[in-house]
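Chemist: The following block contains the structure, expressed as structure tokens.
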Amino acid sequence: MADFENETPFGAVMMPSSDREGVDLLLIVVAAQFELPEPGTKDLGLRSSDTQNLPPMVEEYVGEPGQSSIRRDGQSSYTKPATDIHVCGDAWAPHGQPVTDMIVNIRVGSCGVDLRVTGDRIWERAAMSARPSNPAPFVKMPLIWERAYGGVAKSSTVQRPAFEPRNPIGCGLETDQQHAIGQPLPNIEHPRQPLGQIADRPQPVGVGPTGRHWQPRLHYAGTYDEAWKRERAPLWPLDFDERFFCSAPSYLQASPHLVGGEAVVLRGLHADGPMEFRLPVLRFTSRSRFIGHTEERNLVFDGVLIETDAHRLTMYYRASVRAPLSLIKHRHTSLHLHRAGESNRE
């Protein structure tokens, strides 16, 4: 393929891709990064970060790939039917004073979630079963899926596996008292679904990307049976649902897509108080020249990453340009920025 001209101040990549029917595409992804405001300051518009990184095209993990939380989601999908909202950071006790539990609130436009964050606990012996121990005090708590409900039960075996398909890397799932004693409970729960008994199966809640092999995301991947092998492979199955490409939990997926200008409120993610601001309003267009024709696209705002400890906001934009007569005919693609208003200072 010929060259890619990025005429914006933000990080961007262009790469070959294909859609569910195998039609060739040019995939263009932008990562626009801004500095988060200090807690309690009036929102006068976010400042662009001095360093603008390229969008990550593969997942970046907290620890062992596939066995730990995803820190940054890869951006190689050719489309996303909703805007993914991810938060990477810690719950912080107010003013840095230890607490045993607290509430974290996250709101981005019409999407949001409330989390009850509790200090470390274990299952302890009770009269007839097991119960949660008293929580230990904490000042900060990582908001990662390892500390949400789920995981693999201590009693799980190859013959009789016992795990939580909605969050297989979490904690708290147990099947009997004998094996449960001493095992950790989740630090992150839904305020109205606390884990109180071994038999409880609450909804795991978190704010980072979910894995491709987790439910319900895995359900959208479709059916890979003998018929698929004969008739479709290596294309996506006929029952493939593009919602598979969205990695945020359902309550942090904005549909229709965000457009910029939405209000963001973060409480419990900084020791000095809440952070409030509005998403910058940006518009990107691409112009791709092929032999014989030119294609123009408006990029879709389909990803938000809020890194509170790093004080950084990343906004992802995407466009897929069909090239049905092969990418060999592509000659040049340029990317352009149209910034709305004067509120976003360079």
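A note on labels: chains of the structure tokens are A, B, ... as shown, every chain counts residues from 1, and ligands are counted from 1 in their shown order.
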Please give the complete set of residues from region 139-275 of chain A that DSSP, run on the backbone, assigns to alpha helix (DSSP H), formatted as a VMD selection string.

Modeler: chain A and resid 177 to 180 226 to 231

Chemist: Please identify every residue of region 227-314 of chain A that has at least one atom no farther than 10 Å from an atom of region 328-337 of chain A, counting only C-alpha atoms, and for each give the shortest atom pair and the distance in Å to one decimal, arranged by chain then increasing number, as CSV.

Modeler:
residue,atom,partner,partner_atom,distance
A:Leu282,CA,A:Leu337,CA,7.2
A:Arg283,CA,A:Leu337,CA,5.9
A:Phe284,CA,A:Leu337,CA,4.6
A:Thr285,CA,A:His336,CA,5.3
A:Ser286,CA,A:Leu335,CA,4.5
A:Arg287,CA,A:Ser334,CA,5.3
A:Ser288,CA,A:Thr333,CA,4.2
A:Arg289,CA,A:His332,CA,5.2
A:Phe290,CA,A:His330,CA,4.2
A:Ile291,CA,A:Lys329,CA,5.2
A:Gly292,CA,A:Lys329,CA,8.4
A:His293,CA,A:His330,CA,9.5
A:Thr294,CA,A:His330,CA,9.3
A:Glu295,CA,A:Thr333,CA,9.1
A:Glu296,CA,A:Thr333,CA,9.4
A:Arg297,CA,A:Leu335,CA,9.6
A:Asn298,CA,A:His336,CA,9.7
A:Leu299,CA,A:Leu335,CA,9.6

Chemist: For C-alpha atoms, I'd like the residues from the last selection saved as a compact mmCIF listing (two decimals), in the first residue's frame.

Modeler:
# COMPACT_ATOMS: atom_id res chain seq x y z
CA LEU A 282 -13.44 16.61 17.55
CA ARG A 283 -14.27 15.59 14.01
CA PHE A 284 -11.91 13.58 11.83
CA THR A 285 -12.27 12.86 8.14
CA SER A 286 -10.20 10.64 5.89
CA ARG A 287 -9.68 10.86 2.15
CA SER A 288 -8.45 7.71 0.40
CA ARG A 289 -7.39 7.80 -3.23
CA PHE A 290 -7.57 4.58 -5.26
CA ILE A 291 -6.94 4.04 -8.96
CA GLY A 292 -10.15 5.28 -10.54
CA HIS A 293 -11.94 6.69 -7.50
CA THR A 294 -11.65 8.46 -4.13
CA GLU A 295 -13.37 7.56 -0.84
CA GLU A 296 -14.07 10.02 1.97
CA ARG A 297 -15.12 8.96 5.47
CA ASN A 298 -16.09 10.60 8.75
CA LEU A 299 -14.41 8.74 11.60

Chemist: Do a neighbour search on Gly208 (chain A) at 7 Å with only C-alpha atoms, toss out local chain neighbours closer than 3 positions, and write the hits as a PyMOL selection string.

Modeler: chain A and resi 70+86-88+144+248

Chemist: Please determine, counting only C-alpha atoms, which residue among A:Val205, A:Leu115, A:Cys246, A:Ile181 has the shortest atom-to-atom distance to Ser155 (chain A).

Modeler: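 Using only C-alpha atoms, Ser155 (chain A) sits closest to A:Ile181.
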
Chemist: Residues within 8 Å of Pro256 (chain A), please, as an MDAnalysis selection string. Count only C-alpha atoms; anything in the same chain fewer than 4 positions from it doesn't count.

Modeler: chainID A and resid 81:83

Chemist: If you keep N, CA and C atoms, can you produce a file of those selected residues as an mmCIF file, in the first residue's frame?

Modeler:
data_model
loop_
_atom_site.group_PDB
_atom_site.id
_atom_site.type_symbol
_atom_site.label_atom_id
_atom_site.label_comp_id
_atom_site.auth_asym_id
_atom_site.auth_seq_id
_atom_site.Cartn_x
_atom_site.Cartn_y
_atom_site.Cartn_z
ATOM 1 N N PRO A 81 -20.009 -1.239 17.202
ATOM 2 C CA PRO A 81 -21.374 -0.713 17.124
ATOM 3 C C PRO A 81 -21.756 0.206 18.270
ATOM 4 N N ALA A 82 -20.883 0.388 19.247
ATOM 5 C CA ALA A 82 -21.126 1.298 20.365
ATOM 6 C C ALA A 82 -19.792 1.899 20.781
ATOM 7 N N THR A 83 -19.837 2.950 21.594
ATOM 8 C CA THR A 83 -18.608 3.545 22.121
ATOM 9 C C THR A 83 -18.235 2.847 23.417
#

Chemist: If you run DSSP on the backbone here, which positions in region 56-242 of chain A get strand (DSSP E or B)? Please write them as an MDAnalysis selection string.

Modeler: chainID A and resid 60:61 70:72 83:88 90:92 99 101:108 111:118 122:125 130:132 138 140:142 148:150 152 163 171:172 184 188:189

Chemist: Using only C-alpha atoms, which protein or nucleic acid residues come within 10 Å of His179 (chain A)? Drop anything in the same chain fewer than 6 positions from it, and give the result as a PyMOL selection string.

Modeler: chain A and resi 123+153-156

Chemist: Could you dump the residues just selected with C-alpha atoms as a PDB file, in the first residue's frame?

Modeler:
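To be explicit, this is the file written out as out-v4.pdb:
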ATOM      1  CA  TRP A 123     -14.478 -16.428  53.824  1.00  0.00           C
ATOM      2  CA  ALA A 153     -13.517 -22.148  42.867  1.00  0.00           C
ATOM      3  CA  LYS A 154     -10.940 -23.780  45.118  1.00  0.00           C
ATOM      4  CA  SER A 155     -12.844 -27.065  44.661  1.00  0.00           C
ATOM      5  CA  SER A 156     -12.665 -26.911  40.845  1.00  0.00           C
TER       6      SER A 156
END

Chemist: Skip Pro135 (chain A) itself and residues of its chain fewer than 6 positions away, then list as an MDAnalysis selection string all residues within 9 Å of it, counting only C-alpha atoms.

Modeler: chainID A and resid 100:101 118:122

Chemist: A:Ala233, A:Leu266, A:Ala31, A:Arg20: which is nearest Phe245 (chain A), counting only C-alpha atoms?

Modeler: A:Arg20

Chemist: Tell me, as a PyMOL selection string, which residues lie within 8 Å of region 63-68 of chain A, counting only C-alpha atoms; anything in the same chain fewer than 5 positions away does not count.

Modeler: chain A and resi 145-146+169+211

Chemist: Could the residues in this selection be written to a file with N, CA and C atoms, as an mmCIF file, in the first residue's frame?

Modeler:
data_model
loop_
_atom_site.group_PDB
_atom_site.id
_atom_site.type_symbol
_atom_site.label_atom_id
_atom_site.label_comp_id
_atom_site.auth_asym_id
_atom_site.auth_seq_id
_atom_site.Cartn_x
_atom_site.Cartn_y
_atom_site.Cartn_z
ATOM 1 N N TRP A 145 -10.308 -6.357 37.309
ATOM 2 C CA TRP A 145 -11.254 -7.473 37.356
ATOM 3 C C TRP A 145 -10.819 -8.569 38.323
ATOM 4 N N GLU A 146 -9.533 -8.659 38.646
ATOM 5 C CA GLU A 146 -9.090 -9.653 39.631
ATOM 6 C C GLU A 146 -9.737 -9.432 40.991
ATOM 7 N N ILE A 169 -11.255 -14.399 35.986
ATOM 8 C CA ILE A 169 -10.038 -14.025 36.711
ATOM 9 C C ILE A 169 -10.352 -13.359 38.055
ATOM 10 N N GLY A 211 -12.532 -9.785 28.620
ATOM 11 C CA GLY A 211 -11.812 -10.662 27.705
ATOM 12 C C GLY A 211 -12.703 -11.194 26.594
#

Chemist: Smallest atom-to-atom distance to Ile103 (chain A): which of A:Arg267, A:Arg131, A:Arg125, A:Lys140, using only C-alpha atoms?

Modeler: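 Closest to Ile103 (chain A) of all the choices is A:Arg267.
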
Chemist: May I ask which of the residues A:Leu26, A:Ile85, A:Ala199, A:Gln159 is the closest one to Ser247 (chain A), counting only C-alpha atoms?

Modeler: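 Result for the nearest residue to Ser247 (chain A): A:Ile85.
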
Chemist: Mind dumping a table of every region 244-281 of chain A residue within 9 Å of region 36-53 of chain A, with the nearest atom pair and its distance in Å to one decimal, using only C-alpha atoms, sorted by chain and rising number, as a tab-separated table?

Modeler:
residue	atom	partner	partner_atom	distance
A:His270	CA	A:Pro39	CA	7.3
A:Ala271	CA	A:Pro39	CA	8.7
A:Asp272	CA	A:Pro39	CA	6.1
A:Gly273	CA	A:Pro39	CA	5.4
A:Pro274	CA	A:Pro39	CA	5.4
A:Met275	CA	A:Pro39	CA	4.7
A:Glu276	CA	A:Asp43	CA	6.9
A:Phe277	CA	A:Asp43	CA	5.2
A:Arg278	CA	A:Asp43	CA	7.3
A:Leu279	CA	A:Leu46	CA	8.0
A:Pro280	CA	A:Leu46	CA	7.0

Chemist: Can you work out the spacing between CA of Arg318 (chain A) and CA of Tyr220 (chain A) in Å, to one decimal?

Modeler: 20.9 Å

Chemist: Looking at only C-alpha atoms, which of A:Pro94, A:Glu174, A:Glu164, A:Leu143 is the one that sits closest to Ser129 (chain A)?

Modeler: A:Glu174
